[in-house]
file final03.cif (mmCIF, C-alpha atoms)
data_structure
loop_
_atom_site.label_atom_id
_atom_site.label_comp_id
_atom_site.auth_asym_id
_atom_site.auth_seq_id
_atom_site.Cartn_x
_atom_site.Cartn_y
_atom_site.Cartn_z
CA MET M 1 22.13 94.24 10.29
CA SER M 2 19.92 95.95 7.76
CA ALA M 3 17.61 93.09 6.98
CA ALA M 4 16.26 93.96 3.59
CA ARG M 5 12.86 92.65 2.72
CA PRO M 6 13.14 88.92 2.08
CA PRO M 7 12.91 88.48 -1.68
CA GLY M 8 10.31 85.70 -1.60
CA SER M 9 7.19 87.66 -0.76
CA PRO M 10 4.53 85.82 1.22
CA GLU M 11 1.44 84.25 -0.18
CA PRO M 12 -0.94 87.06 -1.00
CA ASP M 13 -3.89 85.38 0.66
CA SER M 14 -2.23 84.05 3.79
CA SER M 15 -2.85 85.90 7.02
CA PRO M 16 0.27 87.64 8.35
CA ALA M 17 -0.43 86.04 11.71
CA ALA M 18 0.00 82.60 10.16
CA GLU M 19 3.37 83.37 8.64
CA PRO M 20 6.50 82.07 10.27
CA ILE M 21 8.38 84.37 12.58
CA ASP M 22 11.05 86.22 10.64
CA GLU M 23 14.01 88.43 11.37
CA GLN M 24 11.87 91.53 11.56
CA ASP M 25 9.75 89.94 14.28
CA GLU M 26 12.88 89.03 16.20
CA GLU M 27 14.08 92.58 15.79
CA LEU M 28 10.81 94.01 17.12
CA LEU M 29 10.97 91.72 20.12
CA ARG M 30 14.56 92.73 20.76
CA LEU M 31 13.64 96.42 20.65
CA LEU M 32 10.72 95.78 22.98
CA ARG M 33 12.98 93.86 25.37
CA GLU M 34 15.39 96.77 25.43
CA CYS M 35 12.53 99.18 26.15
CA HIS M 36 11.49 97.15 29.17
CA GLU M 37 15.06 96.74 30.36
CA GLN M 38 15.50 100.47 30.13
CA CYS M 39 12.20 101.59 31.62
CA ASP M 40 11.43 98.93 34.16
CA PRO M 41 14.63 97.11 35.04
CA MET M 42 14.82 94.40 37.66
CA PRO M 43 15.70 95.79 41.07
CA ASP M 44 19.46 95.56 41.50
CA ASP M 45 19.22 93.26 44.47
CA MET M 46 16.45 90.97 43.25
CA ILE M 47 18.70 88.16 42.04
CA GLN M 48 20.84 88.47 45.13
CA ARG M 49 17.82 88.21 47.38
CA SER M 50 16.59 85.16 45.50
CA LEU M 51 19.98 83.50 45.82
CA PHE M 52 20.09 84.12 49.53
CA ALA M 53 16.59 82.80 49.96
CA LEU M 54 17.51 79.69 48.02
CA ALA M 55 20.70 79.15 49.94
CA ALA M 56 18.82 79.20 53.18
CA SER M 57 16.64 76.36 52.05
CA GLU M 58 19.16 74.54 49.94
CA LEU M 59 18.53 70.86 50.39
CA GLU M 60 21.97 69.43 50.00
CA ALA M 61 23.86 71.94 52.01
CA GLU M 62 24.20 72.06 55.72
CA VAL M 63 23.61 75.48 57.15
CA LEU M 64 26.15 76.71 59.61
CA ARG M 65 24.53 78.56 62.44
CA LEU M 66 25.70 81.91 63.59
CA ALA M 67 27.16 81.06 66.97
CA GLU M 68 28.84 84.17 68.19
CA GLN M 69 29.57 87.68 67.12
CA HIS M 70 31.96 90.15 68.69
CA ALA M 71 32.55 93.68 67.59
CA PRO M 72 35.26 94.83 69.93
CA ARG M 73 35.35 98.57 70.23
CA LEU M 74 38.89 99.41 70.93
CA ALA M 75 38.37 102.53 72.91
CA GLY M 76 41.33 104.80 72.68
CA SER M 77 42.89 102.76 69.94
CA GLY M 78 44.85 105.09 67.78
CA VAL M 79 44.60 102.91 64.71
CA ARG M 80 42.05 104.28 62.32
CA GLY M 81 39.75 101.86 60.55
CA GLU M 82 40.76 99.03 62.85
CA GLU M 83 37.26 97.95 63.72
CA ALA M 84 37.49 94.21 63.48
CA ARG M 85 34.50 91.99 64.00
CA VAL M 86 34.77 88.32 64.84
CA ILE M 87 31.99 86.00 63.80
CA THR M 88 31.71 82.30 64.53
CA PHE M 89 29.55 79.88 62.62
CA ASP M 90 29.16 76.27 63.57
CA SER M 91 27.47 72.96 62.97
CA ASP M 92 27.96 69.51 64.48
CA SER M 93 30.95 68.78 62.34
CA LEU M 94 32.43 72.11 61.35
CA THR M 95 33.22 75.46 62.91
CA VAL M 96 34.23 78.53 60.96
CA MET M 97 35.46 81.68 62.61
CA ILE M 98 36.07 84.84 60.65
CA ARG M 99 37.62 88.14 61.51
CA VAL M 100 36.22 90.92 59.37
CA SER M 101 38.28 94.05 59.07
CA ARG M 102 38.29 97.14 56.98
CA GLN M 103 40.94 97.57 54.36
CA GLY M 104 40.74 100.93 52.69
CA SER M 105 37.35 101.09 51.05
CA ALA M 106 37.09 97.30 50.91
CA ILE M 107 36.97 94.52 53.44
CA ARG M 108 39.31 91.74 54.45
CA ILE M 109 38.43 88.45 56.02
CA ASP M 110 40.81 86.21 57.93
CA GLY M 111 39.29 82.90 58.78
CA TRP M 112 39.91 79.66 60.61
CA LEU M 113 38.16 76.44 59.99
CA ALA M 114 37.99 73.62 62.51
CA PRO M 115 38.72 70.82 62.25
CA PRO M 116 41.16 71.69 59.46
CA GLN M 117 40.36 69.78 56.31
CA ASP M 118 40.90 69.80 52.61
CA CYS M 119 38.27 72.06 51.13
CA ARG M 120 37.50 75.04 49.01
CA ILE M 121 36.01 78.09 50.54
CA GLU M 122 34.02 80.70 48.68
CA LEU M 123 32.65 84.04 49.62
CA ARG M 124 29.62 84.90 47.55
CA THR M 125 28.59 88.48 47.24
CA GLY M 126 25.93 89.76 44.92
CA GLN M 127 28.45 90.66 42.26
CA ARG M 128 31.10 88.04 42.47
CA VAL M 129 32.47 84.95 44.06
CA LEU M 130 35.84 85.06 45.79
CA THR M 131 37.60 81.83 46.53
CA SER M 132 40.37 80.86 48.83
CA ASP M 133 42.36 77.80 49.67
CA VAL M 134 42.52 76.61 53.20
CA ASP M 135 45.94 75.77 54.59
CA SER M 136 46.81 72.70 56.61
CA GLU M 137 46.00 74.52 59.82
CA GLY M 138 42.60 75.55 58.58
CA ARG M 139 43.44 79.16 57.83
CA PHE M 140 42.21 81.19 54.91
CA ALA M 141 42.10 84.85 53.92
CA MET M 142 40.35 87.01 51.37
CA ASP M 143 40.64 90.66 50.62
CA GLY M 144 39.26 93.30 48.33
CA ILE M 145 35.75 92.29 49.34
CA PRO M 146 33.01 94.79 48.46
CA HIS M 147 30.62 96.00 51.14
CA GLY M 148 27.22 94.39 51.25
CA LEU M 149 25.57 91.05 51.80
CA ALA M 150 27.75 87.99 51.55
CA ARG M 151 27.88 84.42 52.66
CA LEU M 152 30.50 81.75 52.90
CA VAL M 153 30.29 78.42 51.15
CA VAL M 154 32.59 75.62 52.26
CA GLN M 155 32.93 72.66 49.94
CA LEU M 156 34.74 69.65 51.29
CA SER M 157 36.78 68.28 48.44
CA GLU M 158 37.41 64.93 49.98
CA PRO M 159 34.27 63.77 51.63
CA SER M 160 34.57 60.88 54.01
CA MET M 161 34.03 57.49 52.46
CA GLY M 162 30.70 56.79 50.90
CA GLU M 163 29.51 60.35 51.36
CA ALA M 164 28.52 62.72 48.63
CA GLU M 165 30.43 65.94 48.26
CA LYS M 166 29.44 68.01 51.20
CA THR M 167 28.65 71.69 51.23
CA PHE M 168 28.23 74.03 54.16
CA LEU M 169 26.69 77.47 53.95
CA THR M 170 26.62 80.34 56.33
CA PRO M 171 23.65 82.63 56.57
CA ALA M 172 24.03 85.94 54.77
CA ILE M 173 25.92 88.53 56.71
CA VAL M 174 26.35 92.20 56.06
CA LEU M 175 29.94 93.15 55.57
CA MET I 1 20.75 70.79 13.78
CA THR I 2 18.77 70.19 10.63
CA ASP I 3 20.33 73.11 8.84
CA ALA I 4 23.85 72.74 7.53
CA VAL I 5 24.45 76.44 8.08
CA ALA I 6 22.79 77.67 11.20
CA ALA I 7 22.03 81.36 11.54
CA PRO I 8 23.97 83.13 14.31
CA GLU I 9 20.74 83.75 16.21
CA ARG I 10 19.91 80.06 16.00
CA ARG I 11 23.36 79.03 17.22
CA ASP I 12 23.10 81.43 20.11
CA THR I 13 19.72 79.99 20.99
CA ASP I 14 21.01 76.44 20.82
CA GLU I 15 23.99 77.23 23.00
CA ARG I 16 21.82 78.86 25.59
CA HIS I 17 19.46 75.94 25.47
CA GLU I 18 22.29 73.47 26.01
CA ARG I 19 23.77 75.52 28.79
CA LEU I 20 20.43 75.62 30.53
CA ALA I 21 20.05 71.87 30.08
CA ALA I 22 23.45 71.30 31.68
CA LEU I 23 22.65 73.65 34.55
CA LEU I 24 19.36 71.87 35.13
CA LEU I 25 21.00 68.45 35.32
CA SER I 26 23.67 69.59 37.68
CA ALA I 27 21.24 71.57 39.86
CA GLN I 28 19.21 68.38 40.16
CA ALA I 29 22.36 66.68 41.36
CA GLY I 30 22.47 69.22 44.15
CA ARG I 31 24.96 71.74 42.84
CA LEU I 32 24.20 75.08 44.38
CA ASP I 33 26.14 77.08 41.82
CA SER I 34 24.16 75.53 38.97
CA LEU I 35 20.93 76.47 40.60
CA GLU I 36 22.33 79.96 40.93
CA GLY I 37 23.19 79.92 37.24
CA ILE I 38 19.56 79.17 36.45
CA VAL I 39 18.42 81.98 38.72
CA VAL I 40 20.71 84.45 37.00
CA GLU I 41 19.66 83.25 33.55
CA LEU I 42 15.90 83.27 34.03
CA SER I 43 15.19 85.97 36.61
CA PRO I 44 14.81 88.72 33.99
CA LEU I 45 12.06 86.71 32.32
CA LEU I 46 10.28 86.06 35.61
CA TRP I 47 10.51 89.72 36.60
CA ASN I 48 8.72 90.64 33.40
CA VAL I 49 6.08 87.95 33.92
CA ALA I 50 5.37 89.29 37.40
CA ARG I 51 5.27 92.91 36.25
CA ALA I 52 2.99 92.01 33.34
CA GLN I 53 0.53 90.67 35.92
CA GLY I 54 0.06 94.14 37.33
CA LEU I 55 2.19 93.92 40.47
CA ASP I 56 4.17 96.87 41.71
CA ARG I 57 7.93 96.56 41.73
CA GLU I 58 8.24 95.42 45.31
CA ALA I 59 5.56 92.77 45.03
CA ALA I 60 7.00 91.60 41.73
CA ALA I 61 10.43 91.11 43.30
CA ASP I 62 8.86 89.12 46.15
CA THR I 63 6.99 87.03 43.62
CA VAL I 64 10.18 86.13 41.78
CA GLN I 65 11.90 85.17 45.01
CA ASN I 66 8.99 82.97 46.09
CA THR I 67 8.91 81.33 42.68
CA TRP I 68 12.56 80.33 43.02
CA LEU I 69 11.88 78.85 46.42
CA SER I 70 8.97 76.84 45.07
CA LEU I 71 11.21 75.47 42.33
CA LEU I 72 13.26 73.56 44.90
CA GLY I 73 10.38 71.20 45.57
CA ALA I 74 9.67 70.64 41.89
CA LEU I 75 13.17 70.53 40.47
CA ASN I 76 13.43 66.80 40.12
CA ARG I 77 10.19 66.53 38.19
CA ILE I 78 11.36 68.88 35.43
CA HIS I 79 13.29 67.28 32.63
CA THR I 80 13.96 69.79 29.88
CA PRO I 81 14.93 73.46 29.72
CA ARG I 82 11.68 74.21 27.89
CA ALA I 83 9.68 72.53 30.61
CA LEU I 84 11.71 74.45 33.18
CA THR I 85 10.95 77.80 31.56
CA ALA I 86 7.27 76.96 31.19
CA TRP I 87 7.06 75.73 34.77
CA LEU I 88 8.66 78.91 36.07
CA VAL I 89 6.41 81.18 34.01
CA THR I 90 3.31 79.34 35.25
CA ALA I 91 4.53 79.41 38.84
CA THR I 92 5.36 83.12 38.65
CA LYS I 93 1.98 83.96 37.24
CA ARG I 94 0.21 81.91 39.90
CA GLU I 95 2.33 83.41 42.67
CA ALA I 96 1.66 86.90 41.30
CA TRP I 97 -2.07 86.29 41.44
CA ARG I 98 -1.83 84.88 44.93
CA LEU I 99 0.14 87.86 46.13
CA ARG I 100 -2.12 90.32 44.41
CA ALA I 101 -5.17 88.74 46.03
CA ALA I 102 -3.44 88.83 49.41
CA LEU I 103 -2.50 92.49 48.97
CA ASN I 104 -6.01 93.39 47.90
CA ALA I 105 -7.48 91.61 50.88
CA GLU I 106 -5.05 93.36 53.15
CA LEU I 107 -5.73 96.81 51.78
CA PRO I 108 -9.34 96.91 50.65
CA ILE I 109 -9.61 100.56 49.81
CA ASP I 110 -6.30 102.16 50.25
CA GLU I 111 -6.08 105.18 48.12
CA THR I 112 -2.32 105.41 48.11
CA ARG I 113 -2.15 101.83 46.91
CA MET I 114 -4.77 102.52 44.29
CA ASN I 115 -2.63 105.29 43.00
CA GLU I 116 0.22 102.89 42.54
CA VAL I 117 -1.79 100.57 40.37
CA PRO I 118 -1.18 102.31 37.04
CA ASP I 119 2.34 101.12 37.65
CA THR I 120 1.20 97.93 35.89
CA GLN I 121 2.46 98.85 32.50
CA PRO I 122 5.35 101.14 33.05
CA ALA I 123 4.83 104.53 31.57
CA PRO I 124 8.41 105.19 30.72
CA GLU I 125 9.98 108.51 30.39
CA GLU I 126 10.21 108.34 26.68
CA HIS I 127 13.38 110.32 26.60
CA LEU I 128 14.95 107.39 28.42
CA LEU I 129 14.33 105.15 25.47
CA LEU I 130 17.38 104.43 23.48
CA THR I 131 16.49 105.40 19.95
CA GLU I 132 13.64 106.71 17.90
CA ARG I 133 13.05 103.18 16.72
CA HIS I 134 12.57 102.08 20.33
CA ARG I 135 10.08 104.88 20.87
CA ASP I 136 8.13 103.87 17.76
CA VAL I 137 7.94 100.25 18.89
CA TRP I 138 7.00 101.26 22.41
CA GLN I 139 4.20 103.55 21.29
CA ALA I 140 2.84 100.93 18.94
CA VAL I 141 2.91 98.24 21.64
CA ARG I 142 0.97 100.47 23.97
CA ARG I 143 -1.83 100.66 21.42
CA LEU I 144 -2.24 96.86 21.46
CA PRO I 145 -4.85 95.14 23.63
CA PRO I 146 -3.57 94.43 27.18
CA ARG I 147 -3.38 90.68 26.55
CA CYS I 148 -1.08 91.30 23.60
CA GLN I 149 1.05 93.67 25.64
CA GLU I 150 1.43 91.03 28.33
CA LEU I 151 2.29 88.32 25.82
CA LEU I 152 4.83 90.37 23.90
CA ARG I 153 6.46 91.71 27.03
CA VAL I 154 7.11 88.19 28.26
CA VAL I 155 7.98 86.65 24.91
CA ALA I 156 10.54 89.40 24.37
CA PHE I 157 12.54 87.75 27.16
CA VAL I 158 12.52 84.19 25.86
CA ARG I 159 14.18 82.58 22.88
CA ARG I 160 12.37 81.31 19.86
CA PRO I 161 12.20 77.59 20.74
CA GLU I 162 10.37 78.51 23.94
CA TYR I 163 7.76 80.92 22.53
CA GLU I 164 5.03 78.37 22.25
CA GLN I 165 5.42 76.83 25.70
CA VAL I 166 5.65 80.23 27.31
CA ALA I 167 2.52 81.47 25.55
CA ALA I 168 0.72 78.33 26.69
CA ALA I 169 1.98 78.88 30.24
CA LEU I 170 0.50 82.38 30.11
CA GLY I 171 -2.82 80.85 29.12
CA MET I 172 -2.67 82.24 25.60
CA PRO I 173 -4.19 80.38 22.66
CA ARG I 174 -1.85 77.98 20.95
CA SER I 175 -1.66 80.09 17.81
CA SER I 176 -0.75 83.30 19.65
CA ILE I 177 2.94 82.88 19.00
CA GLY I 178 5.21 79.99 18.19
CA PRO I 179 6.49 78.86 14.86
CA THR I 180 4.08 81.41 13.46
CA ARG I 181 3.89 85.07 14.21
CA GLY I 182 0.49 85.11 15.81
CA ARG I 183 -2.03 87.87 16.06
CA CYS I 184 -0.21 90.20 18.48
CA LEU I 185 2.99 90.45 16.50
CA ALA I 186 1.04 90.77 13.26
CA LYS I 187 -0.89 93.71 14.75
CA LEU I 188 2.30 95.30 15.96
CA ARG I 189 3.77 95.08 12.49
CA THR I 190 0.65 96.65 11.05
CA LEU I 191 0.87 99.53 13.51
CA LEU I 192 4.48 100.05 12.57
CA GLY I 193 3.66 99.97 8.89
CA ILE I 194 5.75 96.89 8.27
CA ASP I 195 2.87 95.23 6.44
CA PRO I 196 1.30 98.09 4.53
CA ARG I 197 -1.09 95.81 2.70
CA GLU I 198 -2.66 95.04 6.07
CA CYS I 199 -3.35 98.64 6.98
CA ALA I 200 -7.09 98.92 7.09
CA THR I 201 -7.18 102.68 7.06
#

call {"tool": "encode", "arguments": {"input": "final03.cif", "output": "structure tokens"}}
result
Amino acid sequence: MSAARPPGSPEPDSSPAAEPIDEQDEELLRLLRECHEQCDPMPDDMIQRSLFALAASELEAEVLRLAEQHAPRLAGSGVRGEEARVITFDSDSLTVMIRVSRQGSAIRIDGWLAPPQDCRIELRTGQRVLTSDVDSEGRFAMDGIPHGLARLVVQLSEPSMGEAEKTFLTPAIVL
Amino acid sequence: MTDAVAAPERRDTDERHERLAALLLSAQAGRLDSLEGIVVELSPLLWNVARAQGLDREAAADTVQNTWLSLLGALNRIHTPRALTAWLVTATKREAWRLRAALNAELPIDETRMNEVPDTQPAPEEHLLLTERHRDVWQAVRRLPPRCQELLRVVAFVRRPEYEQVAAALGMPRSSIGPTRGRCLAKLRTLLGIDPRECAT
């Protein structure tokens, strides 16, 4: 830590600017970095926004379109917090339907994928990535999801012959 | 690599460098999560580049986002992590200028906007700064010429092997920082009394 003066003192006639960068310089830069991080931090959602923007234009992935969205209001339903929303995404070769429901202070998703196939499904939120397996009937579920923007990523683990690994993305949705 | 015993800082730098190289390769192969890894790794640097160009926080965040989008088209022409960092710094700076020009054209004389401009270099609440040492460094940096402030702000967010390329990407003279300390850091040390023999007064 306490970097004492290096014993070999520099050439008396050399300009300090021409000397190699030393530990003290690194230390000054670290302090300066911490000042900027403290005083002018990145907006919390900047990385998230960049990732969503990238995902939308991701070259290799096929974007699933938002096909349908239902938010049934169960009038008179006595069950508190039972506001489920059903969202369908589709493309030519894949359809994903999710049912979004509240679970305490978090969110739960129950999903179906058609046609059922061997794949890995991820839910990406700004903070973390949740993954789920898909069963033989195309069902998957995730819970403990934080509120906020999220999107699903479906990666087919066994692409059809000759094809590269295929990825599908949904647009970002607010959970 | 050349040293038998690498300093911890150097090892850390090498590991980060290798990780970035691996992310770059796999992003080029179309892996979304690798591209995301690069975004997470380098966004803090790009934020500081954009802010050092005098953009307000909102415009700076837009600039960073646009820079990442523009990377998609260039990704396969970039072959090393150093080139990636330099490319991104250049692109951010260019995008910041473009956006600033667009904003200025849009709002020729908007007083409220004008009032936001001093936002360029953050005037931090000094009590927010972590330690007295931080406050000393901060006050000394603010006495440097603007070009030096810009350079040091950005360089503070890159690792040593990338200093030179990043300085070049910012349009700074080759000798401004790199293997050698350069004028800005030397001045900062003088202001902080690290090199007493250099104190003119």

call {"tool": "resolve_selection", "arguments": {"input": "final03.cif", "expression": "the PyMOL selection byres ((chain I) within 6 of (chain M))", "output": "list in words"}}
result
Gly30, Gln65, Leu69, Pro124, His134, Ala156, Pro179, Thr180, Arg181, Gly182, Arg183 and Ala186 of chain I

call {"tool": "atom_distance", "arguments": {"input": "final03.cif", "atom1": "atom CA of M:Arg139", "atom2": "atom CA of M:Pro116"}}
result
8.0 Å

call {"tool": "resolve_selection", "arguments": {"input": "final03.cif", "expression": "the PyMOL selection byres ((chain M and resi 141) around 7)", "output": "number ranges by chain"}}
result
M: 109-111, 132, 140, 142-143

call {"tool": "resolve_selection", "arguments": {"input": "final03.cif", "expression": "the PyMOL selection byres ((chain I and resi 34) around 12)", "output": "list in words"}}
result
Leu51 and Leu54 of chain M; Arg19, Leu20, Ala21, Ala22, Leu23, Leu24, Leu25, Ser26, Ala27, Gln28, Ala29, Gly30, Arg31, Leu32, Asp33, Leu35, Glu36, Gly37, Ile38, Val39, Val40 and Glu41 of chain I

call {"tool": "write_last_selection", "arguments": {"input": "final03.cif", "atoms": "C-alpha atoms", "output": "tab-separated table (two decimals), in the coordinates of the input"}}
result
chain	number	residue	atom	x	y	z
M	51	LEU	CA	19.98	83.50	45.82
M	54	LEU	CA	17.51	79.69	48.02
I	19	ARG	CA	23.77	75.52	28.79
I	20	LEU	CA	20.43	75.62	30.53
I	21	ALA	CA	20.05	71.87	30.08
I	22	ALA	CA	23.45	71.30	31.68
I	23	LEU	CA	22.65	73.65	34.55
I	24	LEU	CA	19.36	71.87	35.13
I	25	LEU	CA	21.00	68.45	35.32
I	26	SER	CA	23.67	69.59	37.68
I	27	ALA	CA	21.24	71.57	39.86
I	28	GLN	CA	19.21	68.38	40.16
I	29	ALA	CA	22.36	66.68	41.36
I	30	GLY	CA	22.47	69.22	44.15
I	31	ARG	CA	24.96	71.74	42.84
I	32	LEU	CA	24.20	75.08	44.38
I	33	ASP	CA	26.14	77.08	41.82
I	35	LEU	CA	20.93	76.47	40.60
I	36	GLU	CA	22.33	79.96	40.93
I	37	GLY	CA	23.19	79.92	37.24
I	38	ILE	CA	19.56	79.17	36.45
I	39	VAL	CA	18.42	81.98	38.72
I	40	VAL	CA	20.71	84.45	37.00
I	41	GLU	CA	19.66	83.25	33.55

call {"tool": "atom_distance", "arguments": {"input": "final03.cif", "atom1": "atom CA of M:Ile87", "atom2": "atom CA of M:Ala67"}}
result
7.6 Å

call {"tool": "closest_residue", "arguments": {"input": "final03.cif", "among": "M:Pro146, M:Arg120, M:Leu169, M:Thr131", "to": "M:Gln103", "atoms": "all atoms listed in the file"}}
result
M:Pro146

call {"tool": "atom_distance", "arguments": {"input": "final03.cif", "atom1": "atom CA of I:Leu144", "atom2": "atom CA of I:Ile177"}}
result
15.1 Å

call {"tool": "closest_residue", "arguments": {"input": "final03.cif", "among": "I:Ser176, I:Gln165, I:Thr85, I:Thr80", "to": "I:Ser43", "atoms": "all atoms listed in the file"}}
result
I:Thr85

call {"tool": "closest_residue", "arguments": {"input": "final03.cif", "among": "M:Arg151, M:Arg85, M:Arg65, M:His70", "to": "M:Glu122", "atoms": "all atoms listed in the file"}}
result
M:Arg151

call {"tool": "residues_around", "arguments": {"input": "final03.cif", "residues": "I:Leu88", "least_positions_apart": "2", "cutoff": "10 Å", "atoms": "only C-alpha atoms", "output": "PyMOL selection string"}}
result
chain I and resi 42-43+45-46+49+64+67-68+70-71+82-86+90-94+166+169

call {"tool": "residues_around", "arguments": {"input": "final03.cif", "residues": "stretch 97-102 of chain I", "least_positions_apart": "4", "cutoff": "8 Å", "atoms": "all atoms listed in the file", "output": "list in words"}}
result
Gln53, Leu55, Ala59, Thr63, Lys93 and Glu106 of chain I

call {"tool": "residues_around", "arguments": {"input": "final03.cif", "residues": "stretch 104-107 of chain M", "least_positions_apart": "4", "cutoff": "12 Å", "atoms": "all atoms listed in the file", "output": "list of chain:residue names"}}
result
M:Arg80, M:Gly81, M:Glu82, M:Glu83, M:Ala84, M:Arg85, M:Arg99, M:Val100, M:Leu123, M:Ala141, M:Met142, M:Asp143, M:Gly144, M:Ile145, M:Pro146, M:His147, M:Gly148, M:Ala150, M:Val174, M:Leu175

call {"tool": "closest_residue", "arguments": {"input": "final03.cif", "among": "I:Pro81, I:Cys184, I:Ile194, I:Arg143", "to": "I:Thr13", "atoms": "only C-alpha atoms"}}
result
I:Pro81

call {"tool": "closest_residue", "arguments": {"input": "final03.cif", "among": "M:Asp44, M:Glu68, M:Glu62, M:Asp118", "to": "M:Ser157", "atoms": "all atoms listed in the file"}}
result
M:Asp118
